[in-house]
$ cat coords35.txt   # compact mmCIF, C-alpha atoms
# COMPACT_ATOMS: atom_id res chain seq x y z
CA MET A 1 7.09 -8.48 -12.76
CA HIS A 2 6.96 -9.77 -16.33
CA ASP A 3 3.21 -9.06 -16.56
CA GLN A 4 3.65 -5.45 -15.42
CA ALA A 5 6.46 -4.90 -17.94
CA GLU A 6 4.27 -6.29 -20.72
CA LEU A 7 1.41 -3.97 -19.76
CA LEU A 8 3.78 -1.03 -19.87
CA ARG A 9 5.00 -2.03 -23.33
CA GLN A 10 1.46 -2.28 -24.66
CA ARG A 11 0.44 1.08 -23.18
CA LEU A 12 3.46 2.91 -24.59
CA GLU A 13 3.47 1.61 -28.15
CA SER A 14 1.94 4.79 -29.63
CA VAL A 15 4.82 7.18 -28.79
CA THR A 16 6.45 8.21 -32.07
CA LYS A 17 9.36 10.47 -31.06
CA PRO A 18 11.88 10.45 -28.21
CA ALA A 19 10.68 11.85 -24.90
CA LYS A 20 11.73 15.29 -23.80
CA VAL A 21 13.92 14.89 -20.70
CA CYS A 22 13.29 17.65 -18.17
CA ALA A 23 15.37 18.01 -14.99
CA VAL A 24 13.31 19.58 -12.19
CA VAL A 25 15.59 21.47 -9.81
CA SER A 26 15.59 23.98 -6.96
CA GLY A 27 18.21 26.06 -5.24
CA LYS A 28 17.09 24.90 -1.78
CA GLY A 29 14.89 22.24 -0.25
CA GLY A 30 11.32 22.73 0.89
CA VAL A 31 10.01 24.63 -2.13
CA GLY A 32 7.62 21.85 -3.20
CA LYS A 33 9.66 20.60 -6.17
CA SER A 34 8.74 16.91 -5.97
CA ASN A 35 5.08 17.61 -5.29
CA LEU A 36 4.97 19.97 -8.25
CA THR A 37 6.62 17.36 -10.48
CA ILE A 38 4.01 14.73 -9.60
CA ASN A 39 1.02 16.99 -10.11
CA LEU A 40 2.40 18.51 -13.31
CA ALA A 41 2.91 14.98 -14.63
CA LEU A 42 -0.67 14.03 -13.73
CA SER A 43 -1.95 17.12 -15.55
CA LEU A 44 0.05 16.25 -18.66
CA ILE A 45 -1.35 12.72 -18.52
CA LYS A 46 -4.86 14.18 -18.48
CA ASN A 47 -3.93 15.94 -21.72
CA GLY A 48 -3.02 12.59 -23.27
CA SER A 49 0.75 12.54 -22.70
CA LYS A 50 2.73 9.53 -21.48
CA VAL A 51 4.91 10.59 -18.57
CA LEU A 52 7.66 8.97 -16.50
CA ILE A 53 9.13 10.45 -13.30
CA MET A 54 12.56 9.32 -12.11
CA ASP A 55 13.49 10.18 -8.53
CA LEU A 56 17.12 11.35 -8.51
CA ASP A 57 16.93 13.27 -5.25
CA ILE A 58 19.88 11.82 -3.31
CA GLY A 59 19.09 13.37 0.05
CA MET A 60 15.29 13.29 0.03
CA ALA A 61 14.11 10.53 -2.32
CA ASN A 62 10.44 10.63 -1.35
CA LEU A 63 8.49 10.34 -4.58
CA ASP A 64 6.77 7.10 -3.56
CA ILE A 65 5.78 8.58 -0.17
CA LEU A 66 4.10 11.55 -1.83
CA LEU A 67 2.31 9.15 -4.17
CA GLY A 68 1.19 6.99 -1.25
CA VAL A 69 2.67 3.82 -2.71
CA HIS A 70 5.25 1.24 -1.71
CA SER A 71 7.93 0.68 -4.33
CA ARG A 72 9.35 -2.77 -4.92
CA TYR A 73 12.24 -1.50 -7.02
CA ASN A 74 14.29 1.66 -7.40
CA ILE A 75 16.91 3.23 -9.58
CA VAL A 76 19.73 1.71 -7.52
CA ASP A 77 18.48 -1.75 -8.57
CA LEU A 78 18.69 -0.54 -12.16
CA VAL A 79 22.38 0.36 -12.03
CA GLU A 80 23.69 -2.15 -9.47
CA GLN A 81 21.95 -5.24 -10.83
CA ARG A 82 21.74 -3.96 -14.41
CA LEU A 83 18.09 -4.89 -14.70
CA PRO A 84 15.76 -3.92 -17.57
CA ILE A 85 14.14 -0.59 -16.72
CA LEU A 86 10.69 -1.64 -17.95
CA GLU A 87 10.63 -4.32 -15.26
CA LEU A 88 11.35 -1.72 -12.55
CA ILE A 89 9.00 1.09 -13.53
CA GLU A 90 5.81 1.12 -11.48
CA SER A 91 2.47 2.80 -12.07
CA GLY A 92 1.11 5.15 -9.42
CA PRO A 93 -2.16 7.01 -8.91
CA GLY A 94 -3.58 8.62 -12.03
CA HIS A 95 -1.50 6.29 -14.24
CA VAL A 96 1.71 8.18 -13.62
CA ASP A 97 4.71 5.91 -14.15
CA TYR A 98 7.67 6.35 -11.84
CA LEU A 99 11.01 4.89 -10.79
CA ALA A 100 11.73 5.43 -7.10
CA GLY A 101 15.03 6.70 -5.74
CA GLY A 102 15.77 4.39 -2.83
CA ASN A 103 18.74 4.29 -0.48
CA GLY A 104 22.25 4.62 -1.82
CA LEU A 105 21.12 6.85 -4.69
CA ASN A 106 24.48 8.63 -4.60
CA LYS A 107 25.84 5.56 -6.40
CA LEU A 108 24.04 6.77 -9.52
CA PHE A 109 26.58 9.57 -9.73
CA GLU A 110 29.54 7.21 -9.16
CA LEU A 111 28.91 4.68 -11.92
CA SER A 112 31.51 2.40 -13.41
CA SER A 113 31.75 2.40 -17.20
CA PRO A 114 29.67 -0.82 -17.57
CA GLN A 115 26.99 0.55 -15.20
CA PHE A 116 26.90 3.84 -17.05
CA GLY A 117 26.55 2.00 -20.36
CA HIS A 118 23.59 0.06 -19.00
CA PHE A 119 21.97 3.21 -17.62
CA CYS A 120 22.26 4.95 -21.00
CA LYS A 121 20.85 1.97 -22.86
CA GLN A 122 17.84 1.87 -20.53
CA MET A 123 17.29 5.62 -20.91
CA GLU A 124 17.12 5.12 -24.66
CA VAL A 125 14.49 2.44 -24.09
CA VAL A 126 12.20 4.73 -22.09
CA GLN A 127 12.81 7.75 -24.32
CA ASP A 128 11.22 5.79 -27.14
CA ARG A 129 8.15 5.00 -25.03
CA TYR A 130 7.25 8.28 -23.30
CA ASP A 131 6.45 11.85 -24.29
CA HIS A 132 7.95 13.41 -21.15
CA ILE A 133 10.54 12.16 -18.66
CA PHE A 134 10.99 14.22 -15.51
CA LEU A 135 14.19 13.84 -13.49
CA ASP A 136 13.29 14.91 -9.94
CA MET A 137 16.71 16.17 -8.85
CA GLY A 138 17.88 16.97 -5.34
CA ALA A 139 17.94 20.53 -4.04
CA GLY A 140 21.06 22.47 -4.94
CA ALA A 141 23.74 21.02 -7.17
CA SER A 142 26.89 18.97 -6.98
CA LYS A 143 29.47 18.62 -9.73
CA ASP A 144 28.10 15.19 -10.58
CA SER A 145 24.39 16.00 -10.46
CA LEU A 146 25.00 19.05 -12.66
CA GLN A 147 26.05 16.67 -15.43
CA PHE A 148 22.56 15.15 -15.45
CA ILE A 149 20.98 18.61 -15.24
CA ALA A 150 23.03 20.06 -18.10
CA ALA A 151 22.41 16.97 -20.24
CA ALA A 152 18.62 17.37 -20.00
CA ASP A 153 16.64 18.81 -22.91
CA GLU A 154 15.23 21.37 -20.52
CA VAL A 155 15.57 22.40 -16.87
CA MET A 156 12.59 23.44 -14.76
CA LEU A 157 13.70 25.64 -11.86
CA VAL A 158 11.29 25.87 -8.92
CA THR A 159 11.40 28.61 -6.29
CA THR A 160 9.10 30.33 -3.78
CA PRO A 161 8.70 33.96 -2.67
CA GLU A 162 11.02 33.41 0.31
CA PRO A 163 14.18 35.57 -0.05
CA THR A 164 16.48 32.61 0.62
CA ALA A 165 14.71 30.53 -2.04
CA ILE A 166 15.03 33.35 -4.57
CA THR A 167 18.74 33.83 -3.79
CA ASP A 168 19.40 30.09 -4.05
CA ALA A 169 17.43 29.85 -7.30
CA TYR A 170 19.65 32.52 -8.84
CA ALA A 171 22.74 30.68 -7.56
CA MET A 172 21.40 27.52 -9.21
CA LEU A 173 21.07 29.42 -12.47
CA LYS A 174 24.73 30.42 -12.23
CA TYR A 175 25.80 26.79 -11.73
CA ILE A 176 23.70 25.66 -14.69
CA GLN A 177 25.14 28.42 -16.87
CA GLN A 178 28.69 27.41 -15.96
CA GLN A 179 28.13 23.71 -16.61
CA GLY A 180 25.86 23.95 -19.65
CA PRO A 181 25.51 27.44 -21.16
CA SER A 182 23.12 26.21 -23.85
CA THR A 183 20.75 24.52 -21.39
CA ASP A 184 17.16 25.76 -21.74
CA VAL A 185 15.67 26.83 -18.41
CA SER A 186 12.05 27.46 -17.41
CA LEU A 187 11.08 29.06 -14.09
CA ILE A 188 8.11 28.30 -11.83
CA VAL A 189 7.29 30.31 -8.70
CA ASN A 190 5.44 28.14 -6.17
CA ARG A 191 3.28 29.19 -3.18
CA VAL A 192 2.56 32.75 -4.22
CA GLU A 193 0.02 34.85 -2.32
CA SER A 194 -1.10 36.69 -5.47
CA LYS A 195 -0.53 36.82 -9.21
CA ARG A 196 1.19 40.16 -8.73
CA GLU A 197 3.69 38.61 -6.32
CA GLY A 198 4.39 35.72 -8.70
CA ASP A 199 4.86 37.98 -11.70
CA ASP A 200 7.16 40.28 -9.74
CA ILE A 201 9.43 37.46 -8.57
CA GLY A 202 9.43 35.70 -11.92
CA ASN A 203 10.29 38.83 -13.84
CA ARG A 204 13.02 39.82 -11.40
CA ILE A 205 14.79 36.48 -11.78
CA VAL A 206 14.40 36.52 -15.57
CA GLN A 207 15.83 40.04 -15.81
CA ALA A 208 18.71 39.27 -13.43
CA ALA A 209 19.64 36.18 -15.45
CA ARG A 210 19.53 38.18 -18.69
CA HIS A 211 21.55 41.11 -17.35
CA PHE A 212 24.19 39.38 -15.21
CA LEU A 213 24.44 35.89 -16.75
CA GLN A 214 23.49 36.65 -20.35
CA LYS A 215 21.01 33.81 -19.90
CA GLU A 216 17.47 33.76 -21.29
CA VAL A 217 15.05 32.11 -18.85
CA ARG A 218 11.42 31.39 -19.69
CA PHE A 219 8.97 32.30 -16.92
CA LEU A 220 6.56 29.37 -17.19
CA GLY A 221 4.11 30.44 -14.48
CA MET A 222 3.16 30.21 -10.82
CA LEU A 223 1.16 28.18 -8.32
CA PRO A 224 -0.80 29.69 -5.41
CA GLU A 225 -0.38 29.08 -1.71
CA ASP A 226 -3.18 26.61 -0.92
CA ARG A 227 -3.96 24.58 2.20
CA THR A 228 -5.13 21.82 -0.11
CA VAL A 229 -1.50 20.91 -0.73
CA PHE A 230 -0.83 20.34 2.98
CA LYS A 231 -3.99 18.25 3.36
CA ALA A 232 -3.16 16.14 0.30
CA VAL A 233 0.39 15.47 1.51
CA LYS A 234 -0.98 14.27 4.86
CA GLU A 235 -3.22 11.87 2.96
CA GLN A 236 -0.30 10.83 0.72
CA LYS A 237 -2.31 11.65 -2.38
CA PRO A 238 -1.43 14.11 -5.17
CA TYR A 239 -3.57 17.23 -4.85
CA ARG A 240 -4.42 16.97 -8.54
CA LEU A 241 -6.41 13.84 -7.58
CA TYR A 242 -7.27 14.72 -3.98
CA ALA A 243 -9.05 17.99 -4.82
CA PRO A 244 -9.23 18.47 -8.61
CA SER A 245 -11.41 21.59 -8.25
CA SER A 246 -9.03 23.39 -5.87
CA ASN A 247 -7.20 26.54 -6.94
CA VAL A 248 -3.82 24.84 -6.92
CA ALA A 249 -5.06 21.88 -9.00
CA LYS A 250 -6.56 24.23 -11.60
CA SER A 251 -3.33 26.23 -11.62
CA VAL A 252 -1.10 23.21 -12.17
CA GLN A 253 -3.35 22.10 -15.04
CA LYS A 254 -2.95 25.55 -16.60
CA LEU A 255 0.80 25.24 -16.07
CA ALA A 256 0.80 21.86 -17.84
CA ASP A 257 -1.19 23.29 -20.75
CA THR A 258 1.38 26.09 -21.10
CA TYR A 259 4.30 23.68 -20.82
CA ARG A 260 2.86 21.27 -23.38
CA GLY A 261 1.58 23.88 -25.81
CA GLY A 262 4.47 26.33 -25.74
CA SER A 263 7.34 24.01 -24.96
CA ILE A 264 10.80 25.20 -25.83
CA GLU A 265 11.82 23.99 -29.27
CA ASN A 266 14.58 21.41 -29.00
CA HIS A 267 17.33 22.94 -31.12
CA LYS A 268 20.11 20.70 -29.81
CA THR A 269 21.98 18.43 -32.20
CA GLU A 270 22.67 15.87 -29.45
CA GLY A 271 20.16 13.92 -27.41
CA PHE A 272 20.12 13.47 -23.63
CA VAL A 273 22.14 10.25 -23.68
CA GLN A 274 24.74 11.69 -26.04
CA ARG A 275 25.23 14.77 -23.88
CA LEU A 276 25.39 12.73 -20.68
CA THR A 277 27.96 10.41 -22.27
CA ARG A 278 30.10 13.38 -23.21
CA TYR A 279 30.04 14.69 -19.64
CA PHE A 280 30.77 11.22 -18.25
CA THR A 281 33.69 10.70 -20.63
CA ARG A 282 35.12 14.08 -19.68
CA LYS A 283 34.82 13.19 -16.00
CA GLN A 284 36.52 9.81 -16.50
CA GLY A 285 39.36 11.48 -18.37
CA ALA A 286 39.90 13.91 -15.50
CA THR A 287 40.26 11.14 -12.88
$ encode --input "coords35.txt" --output "structure tokens"
Amino acid sequence: MHDQAELLRQRLESVTKPAKVCAVVSGKGGVGKSNLTINLALSLIKNGSKVLIMDLDIGMANLDILLGVHSRYNIVDLVEQRLPILELIESGPGHVDYLAGGNGLNKLFELSSPQFGHFCKQMEVVQDRYDHIFLDMGAGASKDSLQFIAAADEVMLVTTPEPTAITDAYAMLKYIQQQGPSTDVSLIVNRVESKREGDDIGNRIVQAARHFLQKEVRFLGMLPEDRTVFKAVKEQKPYRLYAPSSNVAKSVQKLADTYRGGSIENHKTEGFVQRLTRYFTRKQGAT
């Protein structure tokens, strides 16, 4: 464990500014959110970025399964045993670093003050060592998980062309707007049959958010419906590595290039930990 932590420290020494924390969310399950997160991270790594994924999906913590790895540690170990995060982070295929969710993940949203203090300290550690940190959140939103979402530097909302997914994505936008009106949101439409379909859905959601919520949403892009994804999941291997020449792999690389090159400028005066602390303090004061 010590050797792995030392290797991580050596590999991450070159990061010069705090990582951008991005919460990846969806209105409903089954839209491919976790799979997208992994393959987007792998594409950013190919571009030279250092990326960490943290699995915060309470109901369906399956990041390690999609990666085809067995995790020795998870985020519950981090908060319950107050262990150093660099000793718990593991490296998966394609050099993507991750922290698995594990059982009892709901305890992350029910932290005592000492546990919360430790979590924040460890987040500051990794923010100084990565370029991007993705929080793979559960589908939908609870009052507690929304605190993590609103505290993020940016939210990435994933939907599909299914009417229920579109409706739930808009509902998610409303929750985000209520909890954190200044939260920057980017939209990705997954599993589209054509560019025209993706553009139509993306623009409809963006316009609805602008008109009814007075919320500006950036339409980041789309990914095509591709049988490669199904085959890669069966093999427990990210499609970015399983079939790098496939349409979906090329599309996620293009998405990563757009995300990295035209990323929303961080105009916030507080960092992720500061915002999360404010939400936590407010919650403690209300109980």
$ closest_residue --input "coords35.txt" --among "A:Ala256, A:Met60, A:Val229, A:Leu88" --to "Ile75 (chain A)" --atoms "all atoms listed in the file"
A:Leu88
$ residues_near_point --input "coords35.txt" --point "(-1.7, 7.5, -19.7)" --cutoff "6 Å" --atoms "all atoms listed in the file" --output "list in words"
Ile45, Lys50 and His95 of chain A
$ atom_distance --input "coords35.txt" --atom1 "CA of Val185 (chain A)" --atom2 "CA of Cys22 (chain A)"
9.5 Å
$ closest_atom_pairs --input "coords35.txt" --of "region 92-144 of chain A" --to "region 164-172 of chain A" --cutoff "10 Å" --atoms "all atoms listed in the file" --output "tab-separated table"
residue	atom	partner	partner_atom	distance
A:Ala139	CA	A:Met172	CA	9.4
A:Gly140	CA	A:Met172	CA	6.6
A:Ala141	CA	A:Met172	CA	7.2
$ residues_around --input "coords35.txt" --residues "region 197-210 of chain A" --least-positions-apart "4" --cutoff "7 Å" --atoms "all atoms listed in the file" --output "mmCIF file with C-alpha atoms, in the frame of the given file"
data_model
loop_
_atom_site.group_PDB
_atom_site.id
_atom_site.type_symbol
_atom_site.label_atom_id
_atom_site.label_comp_id
_atom_site.auth_asym_id
_atom_site.auth_seq_id
_atom_site.Cartn_x
_atom_site.Cartn_y
_atom_site.Cartn_z
ATOM 1 C CA PRO A 161 8.700 33.960 -2.670
ATOM 2 C CA TYR A 170 19.650 32.520 -8.840
ATOM 3 C CA VAL A 189 7.290 30.310 -8.700
ATOM 4 C CA VAL A 192 2.560 32.750 -4.220
ATOM 5 C CA GLU A 193 0.020 34.850 -2.320
ATOM 6 C CA GLN A 214 23.490 36.650 -20.350
ATOM 7 C CA LYS A 215 21.010 33.810 -19.900
ATOM 8 C CA GLU A 216 17.470 33.760 -21.290
ATOM 9 C CA VAL A 217 15.050 32.110 -18.850
ATOM 10 C CA PHE A 219 8.970 32.300 -16.920
ATOM 11 C CA MET A 222 3.160 30.210 -10.820
#
$ residues_around --input "coords35.txt" --residues "Ser91 (chain A)" --least-positions-apart "4" --cutoff "10 Å" --atoms "only C-alpha atoms" --output "MDAnalysis selection string"
chainID A and resid 4 8 52 69 71 95:99
$ atom_distance --input "coords35.txt" --atom1 "CA of Phe212 (chain A)" --atom2 "CA of Ala23 (chain A)"
23.1 Å
$ atom_distance --input "coords35.txt" --atom1 "CA of Arg218 (chain A)" --atom2 "CA of Ser186 (chain A)"
4.6 Å
$ residues_around --input "coords35.txt" --residues "Thr228 (chain A)" --least-positions-apart "3" --cutoff "7 Å" --atoms "only C-alpha atoms" --output "MDAnalysis selection string"
chainID A and resid 231:232 239
$ residues_around --input "coords35.txt" --residues "Leu157 (chain A)" --least-positions-apart "2" --cutoff "6 Å" --atoms "all atoms listed in the file" --output "PyMOL selection string"
chain A and resi 25-26+187
$ decode --input "coords35.txt" --residues "region 167-239 of chain A" --atoms "C-alpha atoms" --output "PDB file, in the first residue's frame"
ATOM      1  CA  THR A 167     -38.009  14.877 -18.429  1.00  0.00           C
ATOM      2  CA  ASP A 168     -35.877  13.688 -15.520  1.00  0.00           C
ATOM      3  CA  ALA A 169     -32.858  15.631 -16.796  1.00  0.00           C
ATOM      4  CA  TYR A 170     -34.903  18.823 -16.762  1.00  0.00           C
ATOM      5  CA  ALA A 171     -36.141  17.997 -13.249  1.00  0.00           C
ATOM      6  CA  MET A 172     -32.508  17.546 -12.203  1.00  0.00           C
ATOM      7  CA  LEU A 173     -31.723  20.985 -13.591  1.00  0.00           C
ATOM      8  CA  LYS A 174     -34.485  22.453 -11.435  1.00  0.00           C
ATOM      9  CA  TYR A 175     -33.058  20.812  -8.297  1.00  0.00           C
ATOM     10  CA  ILE A 176     -29.570  22.082  -9.110  1.00  0.00           C
ATOM     11  CA  GLN A 177     -30.892  25.592  -9.719  1.00  0.00           C
ATOM     12  CA  GLN A 178     -32.705  25.588  -6.374  1.00  0.00           C
ATOM     13  CA  GLN A 179     -29.699  24.330  -4.409  1.00  0.00           C
ATOM     14  CA  GLY A 180     -26.936  26.205  -6.224  1.00  0.00           C
ATOM     15  CA  PRO A 181     -28.121  28.872  -8.699  1.00  0.00           C
ATOM     16  CA  SER A 182     -24.550  29.774  -9.671  1.00  0.00           C
ATOM     17  CA  THR A 183     -23.547  26.183 -10.469  1.00  0.00           C
ATOM     18  CA  ASP A 184     -22.177  25.808 -14.002  1.00  0.00           C
ATOM     19  CA  VAL A 185     -23.877  22.992 -15.921  1.00  0.00           C
ATOM     20  CA  SER A 186     -22.845  21.219 -19.125  1.00  0.00           C
ATOM     21  CA  LEU A 187     -25.147  18.821 -20.987  1.00  0.00           C
ATOM     22  CA  ILE A 188     -24.293  15.597 -22.834  1.00  0.00           C
ATOM     23  CA  VAL A 189     -26.833  13.585 -24.827  1.00  0.00           C
ATOM     24  CA  ASN A 190     -25.846   9.907 -24.918  1.00  0.00           C
ATOM     25  CA  ARG A 191     -26.971   7.138 -27.325  1.00  0.00           C
ATOM     26  CA  VAL A 192     -28.252   9.322 -30.135  1.00  0.00           C
ATOM     27  CA  GLU A 193     -29.241   7.797 -33.478  1.00  0.00           C
ATOM     28  CA  SER A 194     -28.050  10.848 -35.431  1.00  0.00           C
ATOM     29  CA  LYS A 195     -26.393  14.220 -34.982  1.00  0.00           C
ATOM     30  CA  ARG A 196     -29.697  15.851 -35.819  1.00  0.00           C
ATOM     31  CA  GLU A 197     -31.416  14.006 -32.966  1.00  0.00           C
ATOM     32  CA  GLY A 198     -28.665  14.964 -30.523  1.00  0.00           C
ATOM     33  CA  ASP A 199     -28.699  18.611 -31.534  1.00  0.00           C
ATOM     34  CA  ASP A 200     -32.488  18.759 -31.295  1.00  0.00           C
ATOM     35  CA  ILE A 201     -32.591  17.315 -27.770  1.00  0.00           C
ATOM     36  CA  GLY A 202     -29.639  19.342 -26.557  1.00  0.00           C
ATOM     37  CA  ASN A 203     -31.020  22.604 -27.856  1.00  0.00           C
ATOM     38  CA  ARG A 204     -34.488  21.914 -26.464  1.00  0.00           C
ATOM     39  CA  ILE A 205     -33.129  21.372 -22.954  1.00  0.00           C
ATOM     40  CA  VAL A 206     -30.858  24.418 -23.177  1.00  0.00           C
ATOM     41  CA  GLN A 207     -33.729  26.639 -24.337  1.00  0.00           C
ATOM     42  CA  ALA A 208     -36.128  25.292 -21.695  1.00  0.00           C
ATOM     43  CA  ALA A 209     -33.572  25.943 -18.954  1.00  0.00           C
ATOM     44  CA  ARG A 210     -32.989  29.473 -20.232  1.00  0.00           C
ATOM     45  CA  HIS A 211     -36.681  30.315 -20.596  1.00  0.00           C
ATOM     46  CA  PHE A 212     -38.213  28.669 -17.519  1.00  0.00           C
ATOM     47  CA  LEU A 213     -35.298  28.509 -15.052  1.00  0.00           C
ATOM     48  CA  GLN A 214     -33.280  31.527 -16.178  1.00  0.00           C
ATOM     49  CA  LYS A 215     -30.376  29.082 -16.260  1.00  0.00           C
ATOM     50  CA  GLU A 216     -27.645  29.025 -18.911  1.00  0.00           C
ATOM     51  CA  VAL A 217     -26.625  25.452 -19.767  1.00  0.00           C
ATOM     52  CA  ARG A 218     -23.724  24.615 -22.072  1.00  0.00           C
ATOM     53  CA  PHE A 219     -24.483  21.880 -24.604  1.00  0.00           C
ATOM     54  CA  LEU A 220     -21.171  20.019 -24.563  1.00  0.00           C
ATOM     55  CA  GLY A 221     -21.996  17.397 -27.198  1.00  0.00           C
ATOM     56  CA  MET A 222     -23.343  13.923 -27.873  1.00  0.00           C
ATOM     57  CA  LEU A 223     -22.353  10.276 -28.174  1.00  0.00           C
ATOM     58  CA  PRO A 224     -23.832   7.849 -30.720  1.00  0.00           C
ATOM     59  CA  GLU A 225     -25.717   4.631 -30.102  1.00  0.00           C
ATOM     60  CA  ASP A 226     -23.056   1.958 -30.686  1.00  0.00           C
ATOM     61  CA  ARG A 227     -23.069  -1.801 -30.059  1.00  0.00           C
ATOM     62  CA  THR A 228     -19.412  -1.470 -29.126  1.00  0.00           C
ATOM     63  CA  VAL A 229     -20.476  -0.126 -25.742  1.00  0.00           C
ATOM     64  CA  PHE A 230     -22.532  -3.247 -24.960  1.00  0.00           C
ATOM     65  CA  LYS A 231     -19.691  -5.540 -26.050  1.00  0.00           C
ATOM     66  CA  ALA A 232     -17.128  -3.623 -23.985  1.00  0.00           C
ATOM     67  CA  VAL A 233     -19.310  -3.726 -20.859  1.00  0.00           C
ATOM     68  CA  LYS A 234     -19.653  -7.508 -21.225  1.00  0.00           C
ATOM     69  CA  GLU A 235     -15.861  -7.722 -21.361  1.00  0.00           C
ATOM     70  CA  GLN A 236     -15.573  -5.326 -18.395  1.00  0.00           C
ATOM     71  CA  LYS A 237     -13.293  -3.057 -20.382  1.00  0.00           C
ATOM     72  CA  PRO A 238     -13.782   0.639 -21.214  1.00  0.00           C
ATOM     73  CA  TYR A 239     -14.765   1.014 -24.865  1.00  0.00           C
TER      74      TYR A 239
END
